[in-house]
file data-v1.cif (mmCIF, N, CA and C atoms)
data_final
#
loop_
_atom_site.group_PDB
_atom_site.id
_atom_site.type_symbol
_atom_site.label_atom_id
_atom_site.label_comp_id
_atom_site.auth_asym_id
_atom_site.auth_seq_id
_atom_site.Cartn_x
_atom_site.Cartn_y
_atom_site.Cartn_z
ATOM 1 N N MET N 1 34.732 33.985 19.589
ATOM 2 C CA MET N 1 34.176 33.705 18.285
ATOM 3 C C MET N 1 33.676 32.269 18.291
ATOM 4 N N GLY N 2 32.403 32.089 18.043
ATOM 5 C CA GLY N 2 31.796 30.774 18.103
ATOM 6 C C GLY N 2 31.745 30.080 16.758
ATOM 7 N N PHE N 3 31.415 28.832 16.832
ATOM 8 C CA PHE N 3 31.281 27.977 15.662
ATOM 9 C C PHE N 3 29.872 28.154 15.104
ATOM 10 N N GLU N 4 29.754 28.435 13.810
ATOM 11 C CA GLU N 4 28.448 28.697 13.222
ATOM 12 C C GLU N 4 28.053 27.599 12.242
ATOM 13 N N GLN N 5 26.844 27.097 12.392
ATOM 14 C CA GLN N 5 26.313 26.089 11.479
ATOM 15 C C GLN N 5 24.904 26.511 11.074
ATOM 16 N N VAL N 6 24.642 26.470 9.763
ATOM 17 C CA VAL N 6 23.312 26.822 9.268
ATOM 18 C C VAL N 6 22.806 25.733 8.344
ATOM 19 N N THR N 7 21.494 25.638 8.230
ATOM 20 C CA THR N 7 20.861 24.724 7.292
ATOM 21 C C THR N 7 20.216 25.562 6.197
ATOM 22 N N VAL N 8 20.513 25.223 4.940
ATOM 23 C CA VAL N 8 19.948 25.964 3.815
ATOM 24 C C VAL N 8 19.132 25.019 2.937
ATOM 25 N N ARG N 9 18.077 25.572 2.351
ATOM 26 C CA ARG N 9 17.210 24.770 1.493
ATOM 27 C C ARG N 9 17.031 25.377 0.107
ATOM 28 N N THR N 10 17.452 26.629 -0.050
ATOM 29 C CA THR N 10 17.314 27.294 -1.342
ATOM 30 C C THR N 10 18.663 27.836 -1.801
ATOM 31 N N LYS N 11 18.715 28.154 -3.068
ATOM 32 C CA LYS N 11 19.935 28.690 -3.654
ATOM 33 C C LYS N 11 20.311 30.031 -3.012
ATOM 34 N N ASP N 12 19.326 30.887 -2.763
ATOM 35 C CA ASP N 12 19.601 32.195 -2.159
ATOM 36 C C ASP N 12 20.193 32.059 -0.758
ATOM 37 N N GLU N 13 19.646 31.135 0.029
ATOM 38 C CA GLU N 13 20.182 30.892 1.370
ATOM 39 C C GLU N 13 21.614 30.377 1.291
ATOM 40 N N LEU N 14 21.887 29.513 0.303
ATOM 41 C CA LEU N 14 23.236 28.971 0.117
ATOM 42 C C LEU N 14 24.214 30.074 -0.247
ATOM 43 N N VAL N 15 23.828 30.946 -1.165
ATOM 44 C CA VAL N 15 24.701 32.051 -1.578
ATOM 45 C C VAL N 15 25.026 32.952 -0.386
ATOM 46 N N THR N 16 24.029 33.249 0.424
ATOM 47 C CA THR N 16 24.243 34.084 1.612
ATOM 48 C C THR N 16 25.236 33.425 2.569
ATOM 49 N N ALA N 17 25.050 32.124 2.821
ATOM 50 C CA ALA N 17 25.949 31.402 3.731
ATOM 51 C C ALA N 17 27.366 31.323 3.169
ATOM 52 N N LEU N 18 27.497 31.107 1.855
ATOM 53 C CA LEU N 18 28.825 31.038 1.229
ATOM 54 C C LEU N 18 29.539 32.383 1.310
ATOM 55 N N ASN N 19 28.817 33.462 1.058
ATOM 56 C CA ASN N 19 29.430 34.796 1.099
ATOM 57 C C ASN N 19 29.880 35.172 2.506
ATOM 58 N N LYS N 20 29.182 34.659 3.528
ATOM 59 C CA LYS N 20 29.586 34.906 4.919
ATOM 60 C C LYS N 20 30.701 33.959 5.348
ATOM 61 N N LYS N 21 31.019 32.964 4.506
ATOM 62 C CA LYS N 21 31.993 31.921 4.836
ATOM 63 C C LYS N 21 31.624 31.253 6.164
ATOM 64 N N THR N 22 30.388 30.801 6.216
ATOM 65 C CA THR N 22 29.866 30.114 7.391
ATOM 66 C C THR N 22 30.683 28.855 7.645
ATOM 67 N N ASP N 23 30.947 28.545 8.927
ATOM 68 C CA ASP N 23 31.789 27.408 9.303
ATOM 69 C C ASP N 23 31.275 26.089 8.730
ATOM 70 N N GLU N 24 29.998 25.813 8.920
ATOM 71 C CA GLU N 24 29.394 24.595 8.379
ATOM 72 C C GLU N 24 28.023 24.918 7.813
ATOM 73 N N ILE N 25 27.769 24.358 6.654
ATOM 74 C CA ILE N 25 26.483 24.572 5.991
ATOM 75 C C ILE N 25 25.887 23.199 5.689
ATOM 76 N N ILE N 26 24.671 22.983 6.145
ATOM 77 C CA ILE N 26 23.959 21.760 5.799
ATOM 78 C C ILE N 26 23.032 22.110 4.639
ATOM 79 N N VAL N 27 23.238 21.433 3.509
ATOM 80 C CA VAL N 27 22.456 21.712 2.308
ATOM 81 C C VAL N 27 21.400 20.632 2.146
ATOM 82 N N GLU N 28 20.160 21.063 2.072
ATOM 83 C CA GLU N 28 19.034 20.156 1.845
ATOM 84 C C GLU N 28 18.188 20.734 0.718
ATOM 85 N N GLY N 29 17.446 19.887 0.039
ATOM 86 C CA GLY N 29 16.484 20.380 -0.938
ATOM 87 C C GLY N 29 17.062 20.698 -2.298
ATOM 88 N N ASP N 30 16.693 21.885 -2.824
ATOM 89 C CA ASP N 30 16.936 22.283 -4.205
ATOM 90 C C ASP N 30 18.353 22.029 -4.716
ATOM 91 N N PHE N 31 19.329 22.404 -3.948
ATOM 92 C CA PHE N 31 20.706 22.418 -4.450
ATOM 93 C C PHE N 31 21.495 21.158 -4.097
ATOM 94 N N SER N 32 20.874 20.184 -3.442
ATOM 95 C CA SER N 32 21.612 19.004 -2.984
ATOM 96 C C SER N 32 22.156 18.156 -4.141
ATOM 97 N N GLN N 33 21.461 18.090 -5.268
ATOM 98 C CA GLN N 33 21.968 17.325 -6.418
ATOM 99 C C GLN N 33 23.223 17.969 -6.995
ATOM 100 N N THR N 34 23.251 19.284 -7.014
ATOM 101 C CA THR N 34 24.438 19.998 -7.495
ATOM 102 C C THR N 34 25.620 19.737 -6.572
ATOM 103 N N ILE N 35 25.378 19.721 -5.272
ATOM 104 C CA ILE N 35 26.437 19.441 -4.302
ATOM 105 C C ILE N 35 26.984 18.030 -4.523
ATOM 106 N N ALA N 36 26.095 17.085 -4.831
ATOM 107 C CA ALA N 36 26.520 15.706 -5.103
ATOM 108 C C ALA N 36 27.451 15.666 -6.310
ATOM 109 N N GLU N 37 27.154 16.439 -7.343
ATOM 110 C CA GLU N 37 28.005 16.499 -8.537
ATOM 111 C C GLU N 37 29.369 17.113 -8.209
ATOM 112 N N ILE N 38 29.374 18.156 -7.409
ATOM 113 C CA ILE N 38 30.634 18.800 -7.016
ATOM 114 C C ILE N 38 31.481 17.831 -6.201
ATOM 115 N N LYS N 39 30.827 17.087 -5.305
ATOM 116 C CA LYS N 39 31.544 16.120 -4.459
ATOM 117 C C LYS N 39 32.257 15.069 -5.303
ATOM 118 N N LYS N 40 31.634 14.636 -6.387
ATOM 119 C CA LYS N 40 32.248 13.621 -7.261
ATOM 120 C C LYS N 40 33.575 14.108 -7.847
ATOM 121 N N GLY N 41 33.667 15.399 -8.133
ATOM 122 C CA GLY N 41 34.862 15.931 -8.776
ATOM 123 C C GLY N 41 35.871 16.555 -7.836
ATOM 124 N N GLN N 42 35.567 16.596 -6.553
ATOM 125 C CA GLN N 42 36.460 17.259 -5.593
ATOM 126 C C GLN N 42 37.586 16.331 -5.151
ATOM 127 N N LEU N 43 38.818 16.821 -5.264
ATOM 128 C CA LEU N 43 39.984 16.068 -4.800
ATOM 129 C C LEU N 43 40.289 16.443 -3.350
ATOM 130 N N SER N 44 40.871 15.505 -2.624
ATOM 131 C CA SER N 44 41.293 15.814 -1.259
ATOM 132 C C SER N 44 42.528 16.713 -1.314
ATOM 133 N N ASP N 45 42.841 17.339 -0.195
ATOM 134 C CA ASP N 45 44.035 18.201 -0.149
ATOM 135 C C ASP N 45 45.294 17.401 -0.450
ATOM 136 N N THR N 46 45.350 16.160 0.016
ATOM 137 C CA THR N 46 46.512 15.298 -0.232
ATOM 138 C C THR N 46 46.664 15.007 -1.719
ATOM 139 N N ASP N 47 45.558 14.705 -2.385
ATOM 140 C CA ASP N 47 45.591 14.438 -3.823
ATOM 141 C C ASP N 47 46.013 15.677 -4.608
ATOM 142 N N THR N 48 45.480 16.822 -4.218
ATOM 143 C CA THR N 48 45.819 18.065 -4.902
ATOM 144 C C THR N 48 47.301 18.399 -4.741
ATOM 145 N N LEU N 49 47.800 18.238 -3.528
ATOM 146 C CA LEU N 49 49.216 18.505 -3.278
ATOM 147 C C LEU N 49 50.100 17.524 -4.050
ATOM 148 N N GLY N 50 49.708 16.255 -4.071
ATOM 149 C CA GLY N 50 50.459 15.256 -4.829
ATOM 150 C C GLY N 50 50.512 15.585 -6.304
ATOM 151 N N PHE N 51 49.405 16.048 -6.845
ATOM 152 C CA PHE N 51 49.351 16.445 -8.256
ATOM 153 C C PHE N 51 50.276 17.631 -8.519
ATOM 154 N N ALA N 52 50.231 18.630 -7.636
ATOM 155 C CA ALA N 52 51.046 19.830 -7.810
ATOM 156 C C ALA N 52 52.533 19.500 -7.737
ATOM 157 N N VAL N 53 52.924 18.709 -6.750
ATOM 158 C CA VAL N 53 54.333 18.358 -6.578
ATOM 159 C C VAL N 53 54.793 17.419 -7.694
ATOM 160 N N GLY N 54 53.964 16.446 -8.017
ATOM 161 C CA GLY N 54 54.325 15.464 -9.040
ATOM 162 C C GLY N 54 54.508 16.068 -10.419
ATOM 163 N N SER N 55 53.768 17.125 -10.699
ATOM 164 C CA SER N 55 53.880 17.749 -12.018
ATOM 165 C C SER N 55 54.837 18.933 -12.009
ATOM 166 N N GLY N 56 55.466 19.174 -10.882
ATOM 167 C CA GLY N 56 56.404 20.291 -10.778
ATOM 168 C C GLY N 56 55.711 21.648 -10.860
ATOM 169 N N GLY N 57 54.437 21.685 -10.548
ATOM 170 C CA GLY N 57 53.682 22.942 -10.591
ATOM 171 C C GLY N 57 53.038 23.227 -11.922
ATOM 172 N N ILE N 58 53.513 22.579 -12.980
ATOM 173 C CA ILE N 58 52.967 22.805 -14.322
ATOM 174 C C ILE N 58 51.521 22.314 -14.403
ATOM 175 N N GLY N 59 51.206 21.256 -13.705
ATOM 176 C CA GLY N 59 49.854 20.696 -13.740
ATOM 177 C C GLY N 59 48.801 21.682 -13.277
ATOM 178 N N ILE N 60 49.148 22.491 -12.292
ATOM 179 C CA ILE N 60 48.214 23.496 -11.782
ATOM 180 C C ILE N 60 47.919 24.535 -12.866
ATOM 181 N N LEU N 61 48.959 24.954 -13.578
ATOM 182 C CA LEU N 61 48.767 25.927 -14.655
ATOM 183 C C LEU N 61 47.923 25.348 -15.784
ATOM 184 N N VAL N 62 48.188 24.100 -16.142
ATOM 185 C CA VAL N 62 47.417 23.446 -17.195
ATOM 186 C C VAL N 62 45.960 23.292 -16.753
ATOM 187 N N GLU N 63 45.758 22.887 -15.499
ATOM 188 C CA GLU N 63 44.400 22.745 -14.971
ATOM 189 C C GLU N 63 43.658 24.077 -15.024
ATOM 190 N N TYR N 64 44.320 25.153 -14.658
ATOM 191 C CA TYR N 64 43.715 26.477 -14.693
ATOM 192 C C TYR N 64 43.324 26.859 -16.121
ATOM 193 N N GLY N 65 44.239 26.642 -17.060
ATOM 194 C CA GLY N 65 43.972 26.977 -18.462
ATOM 195 C C GLY N 65 42.819 26.176 -19.042
ATOM 196 N N VAL N 66 42.817 24.880 -18.782
ATOM 197 C CA VAL N 66 41.734 24.023 -19.272
ATOM 198 C C VAL N 66 40.409 24.425 -18.623
ATOM 199 N N GLY N 67 40.447 24.746 -17.333
ATOM 200 C CA GLY N 67 39.238 25.182 -16.629
ATOM 201 C C GLY N 67 38.656 26.454 -17.220
ATOM 202 N N LYS N 68 39.517 27.417 -17.526
ATOM 203 C CA LYS N 68 39.062 28.674 -18.136
ATOM 204 C C LYS N 68 38.473 28.420 -19.524
ATOM 205 N N LEU N 69 39.109 27.546 -20.289
ATOM 206 C CA LEU N 69 38.615 27.215 -21.626
ATOM 207 C C LEU N 69 37.247 26.535 -21.549
ATOM 208 N N LEU N 70 37.099 25.611 -20.616
ATOM 209 C CA LEU N 70 35.815 24.927 -20.460
ATOM 210 C C LEU N 70 34.729 25.878 -19.972
ATOM 211 N N ASP N 71 35.094 26.859 -19.154
ATOM 212 C CA ASP N 71 34.125 27.844 -18.670
ATOM 213 C C ASP N 71 33.508 28.646 -19.818
ATOM 214 N N VAL N 72 34.293 28.888 -20.844
ATOM 215 C CA VAL N 72 33.799 29.645 -21.989
ATOM 216 C C VAL N 72 32.637 28.913 -22.672
ATOM 217 N N PHE N 73 32.739 27.597 -22.758
ATOM 218 C CA PHE N 73 31.728 26.810 -23.461
ATOM 219 C C PHE N 73 30.670 26.215 -22.541
ATOM 220 N N ASP N 74 30.773 26.467 -21.253
ATOM 221 C CA ASP N 74 29.830 25.920 -20.283
ATOM 222 C C ASP N 74 28.545 26.756 -20.271
ATOM 223 N N PRO N 75 27.374 26.126 -20.481
ATOM 224 C CA PRO N 75 26.119 26.889 -20.523
ATOM 225 C C PRO N 75 25.599 27.300 -19.145
ATOM 226 N N THR N 76 26.278 26.900 -18.071
ATOM 227 C CA THR N 76 25.857 27.227 -16.714
ATOM 228 C C THR N 76 25.925 28.737 -16.491
ATOM 229 N N THR N 77 24.999 29.254 -15.695
ATOM 230 C CA THR N 77 24.991 30.695 -15.424
ATOM 231 C C THR N 77 26.229 31.105 -14.629
ATOM 232 N N LYS N 78 26.553 32.379 -14.714
ATOM 233 C CA LYS N 78 27.726 32.905 -14.013
ATOM 234 C C LYS N 78 27.604 32.704 -12.501
ATOM 235 N N GLU N 79 26.396 32.910 -11.984
ATOM 236 C CA GLU N 79 26.181 32.764 -10.547
ATOM 237 C C GLU N 79 26.398 31.310 -10.107
ATOM 238 N N ASP N 80 25.904 30.349 -10.899
ATOM 239 C CA ASP N 80 26.089 28.940 -10.559
ATOM 240 C C ASP N 80 27.563 28.542 -10.619
ATOM 241 N N LYS N 81 28.294 29.088 -11.578
ATOM 242 C CA LYS N 81 29.739 28.818 -11.672
ATOM 243 C C LYS N 81 30.452 29.347 -10.429
ATOM 244 N N LYS N 82 30.052 30.545 -9.987
ATOM 245 C CA LYS N 82 30.680 31.148 -8.806
ATOM 246 C C LYS N 82 30.406 30.288 -7.570
ATOM 247 N N ILE N 83 29.170 29.831 -7.419
ATOM 248 C CA ILE N 83 28.804 28.971 -6.293
ATOM 249 C C ILE N 83 29.628 27.691 -6.325
ATOM 250 N N HIS N 84 29.711 27.084 -7.499
ATOM 251 C CA HIS N 84 30.465 25.834 -7.674
ATOM 252 C C HIS N 84 31.926 26.026 -7.255
ATOM 253 N N LYS N 85 32.540 27.106 -7.715
ATOM 254 C CA LYS N 85 33.954 27.358 -7.393
ATOM 255 C C LYS N 85 34.156 27.648 -5.912
ATOM 256 N N GLN N 86 33.237 28.405 -5.314
ATOM 257 C CA GLN N 86 33.356 28.698 -3.880
ATOM 258 C C GLN N 86 33.299 27.412 -3.064
ATOM 259 N N ILE N 87 32.348 26.557 -3.389
ATOM 260 C CA ILE N 87 32.203 25.305 -2.653
ATOM 261 C C ILE N 87 33.428 24.429 -2.849
ATOM 262 N N GLU N 88 33.868 24.313 -4.086
ATOM 263 C CA GLU N 88 34.995 23.439 -4.422
ATOM 264 C C GLU N 88 36.286 23.879 -3.725
ATOM 265 N N ARG N 89 36.519 25.172 -3.647
ATOM 266 C CA ARG N 89 37.779 25.680 -3.094
ATOM 267 C C ARG N 89 37.760 25.879 -1.587
ATOM 268 N N LEU N 90 36.616 26.262 -1.033
ATOM 269 C CA LEU N 90 36.572 26.637 0.378
ATOM 270 C C LEU N 90 36.060 25.558 1.320
ATOM 271 N N TYR N 91 35.324 24.578 0.799
ATOM 272 C CA TYR N 91 34.653 23.623 1.676
ATOM 273 C C TYR N 91 34.978 22.166 1.331
ATOM 274 N N THR N 92 34.985 21.330 2.369
ATOM 275 C CA THR N 92 34.990 19.885 2.150
ATOM 276 C C THR N 92 33.534 19.451 2.232
ATOM 277 N N ILE N 93 33.182 18.449 1.440
ATOM 278 C CA ILE N 93 31.791 18.006 1.360
ATOM 279 C C ILE N 93 31.667 16.625 1.976
ATOM 280 N N LYS N 94 30.717 16.499 2.885
ATOM 281 C CA LYS N 94 30.434 15.200 3.497
ATOM 282 C C LYS N 94 28.958 14.893 3.276
ATOM 283 N N SER N 95 28.679 13.674 2.884
ATOM 284 C CA SER N 95 27.301 13.256 2.659
ATOM 285 C C SER N 95 26.667 12.862 3.991
ATOM 286 N N LEU N 96 25.545 13.481 4.317
ATOM 287 C CA LEU N 96 24.820 13.143 5.547
ATOM 288 C C LEU N 96 23.751 12.093 5.248
ATOM 289 N N THR N 97 22.925 12.385 4.271
ATOM 290 C CA THR N 97 21.922 11.445 3.782
ATOM 291 C C THR N 97 21.928 11.538 2.263
ATOM 292 N N LYS N 98 21.032 10.812 1.630
ATOM 293 C CA LYS N 98 20.958 10.844 0.170
ATOM 294 C C LYS N 98 20.681 12.259 -0.357
ATOM 295 N N ASP N 99 19.908 13.020 0.392
ATOM 296 C CA ASP N 99 19.495 14.347 -0.062
ATOM 297 C C ASP N 99 20.016 15.500 0.777
ATOM 298 N N SER N 100 21.019 15.257 1.621
ATOM 299 C CA SER N 100 21.593 16.358 2.395
ATOM 300 C C SER N 100 23.103 16.181 2.530
ATOM 301 N N PHE N 101 23.782 17.305 2.508
ATOM 302 C CA PHE N 101 25.241 17.321 2.551
ATOM 303 C C PHE N 101 25.719 18.360 3.551
ATOM 304 N N LEU N 102 26.877 18.082 4.143
ATOM 305 C CA LEU N 102 27.509 19.014 5.063
ATOM 306 C C LEU N 102 28.704 19.635 4.355
ATOM 307 N N LEU N 103 28.726 20.961 4.297
ATOM 308 C CA LEU N 103 29.877 21.696 3.771
ATOM 309 C C LEU N 103 30.641 22.213 4.980
ATOM 310 N N HIS N 104 31.905 21.798 5.101
ATOM 311 C CA HIS N 104 32.746 22.182 6.241
ATOM 312 C C HIS N 104 33.881 23.046 5.727
ATOM 313 N N LEU N 105 34.041 24.225 6.293
ATOM 314 C CA LEU N 105 35.064 25.175 5.864
ATOM 315 C C LEU N 105 36.448 24.554 6.044
ATOM 316 N N LYS N 106 37.203 24.464 4.959
ATOM 317 C CA LYS N 106 38.511 23.804 4.984
ATOM 318 C C LYS N 106 39.486 24.455 5.965
ATOM 319 N N GLN N 107 39.467 25.778 6.067
ATOM 320 C CA GLN N 107 40.448 26.458 6.909
ATOM 321 C C GLN N 107 40.310 26.101 8.382
ATOM 322 N N LEU N 108 39.180 25.542 8.785
ATOM 323 C CA LEU N 108 39.013 25.124 10.178
ATOM 324 C C LEU N 108 39.803 23.864 10.484
ATOM 325 N N ASP N 109 40.227 23.129 9.453
ATOM 326 C CA ASP N 109 40.978 21.891 9.642
ATOM 327 C C ASP N 109 42.475 22.118 9.817
ATOM 328 N N TYR N 110 42.944 23.334 9.578
ATOM 329 C CA TYR N 110 44.381 23.594 9.634
ATOM 330 C C TYR N 110 44.811 24.124 10.971
#

call {"tool": "encode", "arguments": {"input": "data-v1.cif", "output": "structure tokens"}}
result
Amino acid sequence: MGFEQVTVRTKDELVTALNKKTDEIIVEGDFSQTIAEIKKGQLSDTDTLGFAVGSGGIGILVEYGVGKLLDVFDPTTKEDKKIHKQIERLYTIKSLTKDSFLLHLKQLDY
């Protein structure tokens, strides 16, 4: 089983790569600004674990509840929300240039 890396420039190409759980995705063009926004809000695994342990697990439940509540009032399309969640949960984001980002599948780091 080899290591797979693809470059995507459109939303449709990104969705296809995310659904295949491609090892690494280089995002350029249309969706790169959205990736930049996701990167700003993404916590590292260490930060997430610290939050979970520090709050005794309650913080995760509160985060989930607040997230669901905010989703109700979010005008973003369902497909964009799904893309955002897939990227946030499955990939680490690294900035390559101002307009391109590398999405690296988190499970490859374990």

call {"tool": "atom_distance", "arguments": {"input": "data-v1.cif", "atom1": "atom N of Lys106 (chain N)", "atom2": "atom N of Thr34 (chain N)"}}
result
19.1 Å

call {"tool": "residues_near_point", "arguments": {"input": "data-v1.cif", "point": "(31.7, 19.4, 4.4)", "cutoff": "8 Å", "atoms": "only N, CA and C atoms", "output": "PDB file with N, CA and C atoms, in the coordinates of the input"}}
result
ATOM      1  N   ASP N  23      30.947  28.545   8.927  1.00  0.00           N
ATOM      2  CA  ASP N  23      31.789  27.408   9.303  1.00  0.00           C
ATOM      3  C   ASP N  23      31.275  26.089   8.730  1.00  0.00           C
ATOM      4  N   GLU N  24      29.998  25.813   8.920  1.00  0.00           N
ATOM      5  CA  GLU N  24      29.394  24.595   8.379  1.00  0.00           C
ATOM      6  C   GLU N  24      28.023  24.918   7.813  1.00  0.00           C
ATOM      7  N   ILE N  25      27.769  24.358   6.654  1.00  0.00           N
ATOM      8  CA  ILE N  25      26.483  24.572   5.991  1.00  0.00           C
ATOM      9  C   ILE N  25      25.887  23.199   5.689  1.00  0.00           C
ATOM     10  N   TYR N  91      35.324  24.578   0.799  1.00  0.00           N
ATOM     11  CA  TYR N  91      34.653  23.623   1.676  1.00  0.00           C
ATOM     12  C   TYR N  91      34.978  22.166   1.331  1.00  0.00           C
ATOM     13  N   THR N  92      34.985  21.330   2.369  1.00  0.00           N
ATOM     14  CA  THR N  92      34.990  19.885   2.150  1.00  0.00           C
ATOM     15  C   THR N  92      33.534  19.451   2.232  1.00  0.00           C
ATOM     16  N   ILE N  93      33.182  18.449   1.440  1.00  0.00           N
ATOM     17  CA  ILE N  93      31.791  18.006   1.360  1.00  0.00           C
ATOM     18  C   ILE N  93      31.667  16.625   1.976  1.00  0.00           C
ATOM     19  N   LYS N  94      30.717  16.499   2.885  1.00  0.00           N
ATOM     20  CA  LYS N  94      30.434  15.200   3.497  1.00  0.00           C
ATOM     21  C   LYS N  94      28.958  14.893   3.276  1.00  0.00           C
ATOM     22  N   SER N  95      28.679  13.674   2.884  1.00  0.00           N
ATOM     23  CA  SER N  95      27.301  13.256   2.659  1.00  0.00           C
ATOM     24  C   SER N  95      26.667  12.862   3.991  1.00  0.00           C
ATOM     25  N   PHE N 101      23.782  17.305   2.508  1.00  0.00           N
ATOM     26  CA  PHE N 101      25.241  17.321   2.551  1.00  0.00           C
ATOM     27  C   PHE N 101      25.719  18.360   3.551  1.00  0.00           C
ATOM     28  N   LEU N 102      26.877  18.082   4.143  1.00  0.00           N
ATOM     29  CA  LEU N 102      27.509  19.014   5.063  1.00  0.00           C
ATOM     30  C   LEU N 102      28.704  19.635   4.355  1.00  0.00           C
ATOM     31  N   LEU N 103      28.726  20.961   4.297  1.00  0.00           N
ATOM     32  CA  LEU N 103      29.877  21.696   3.771  1.00  0.00           C
ATOM     33  C   LEU N 103      30.641  22.213   4.980  1.00  0.00           C
ATOM     34  N   HIS N 104      31.905  21.798   5.101  1.00  0.00           N
ATOM     35  CA  HIS N 104      32.746  22.182   6.241  1.00  0.00           C
ATOM     36  C   HIS N 104      33.881  23.046   5.727  1.00  0.00           C
ATOM     37  N   LEU N 105      34.041  24.225   6.293  1.00  0.00           N
ATOM     38  CA  LEU N 105      35.064  25.175   5.864  1.00  0.00           C
ATOM     39  C   LEU N 105      36.448  24.554   6.044  1.00  0.00           C
ATOM     40  N   LYS N 106      37.203  24.464   4.959  1.00  0.00           N
ATOM     41  CA  LYS N 106      38.511  23.804   4.984  1.00  0.00           C
ATOM     42  C   LYS N 106      39.486  24.455   5.965  1.00  0.00           C
TER      43      LYS N 106
END

call {"tool": "atom_distance", "arguments": {"input": "data-v1.cif", "atom1": "CA of Thr76 (chain N)", "atom2": "CA of Lys11 (chain N)"}}
result
14.4 Å

call {"tool": "atom_distance", "arguments": {"input": "data-v1.cif", "atom1": "CA of Glu4 (chain N)", "atom2": "CA of Thr22 (chain N)"}}
result
6.2 Å

call {"tool": "closest_residue", "arguments": {"input": "data-v1.cif", "among": "N:Val27, N:Ala36, N:Thr97, N:Asp74", "to": "Leu14 (chain N)", "atoms": "all atoms listed in the file"}}
result
N:Val27

call {"tool": "select_by_dssp", "arguments": {"input": "data-v1.cif", "residues": "chain N", "states": "helix (DSSP H, G or I)", "output": "ChimeraX atom specification"}}
result
/N:11-19,29-41,45-54,58-73,78-90,106-109

call {"tool": "closest_residue", "arguments": {"input": "data-v1.cif", "among": "N:Ile83, N:Thr77, N:Asp99, N:Asp109", "to": "Leu18 (chain N)", "atoms": "all atoms listed in the file"}}
result
N:Ile83

call {"tool": "resolve_selection", "arguments": {"input": "data-v1.cif", "expression": "the PyMOL selection byres ((chain N and resi 30) around 8)", "output": "ChimeraX atom specification"}}
result
/N:8-11,27-29,31-35
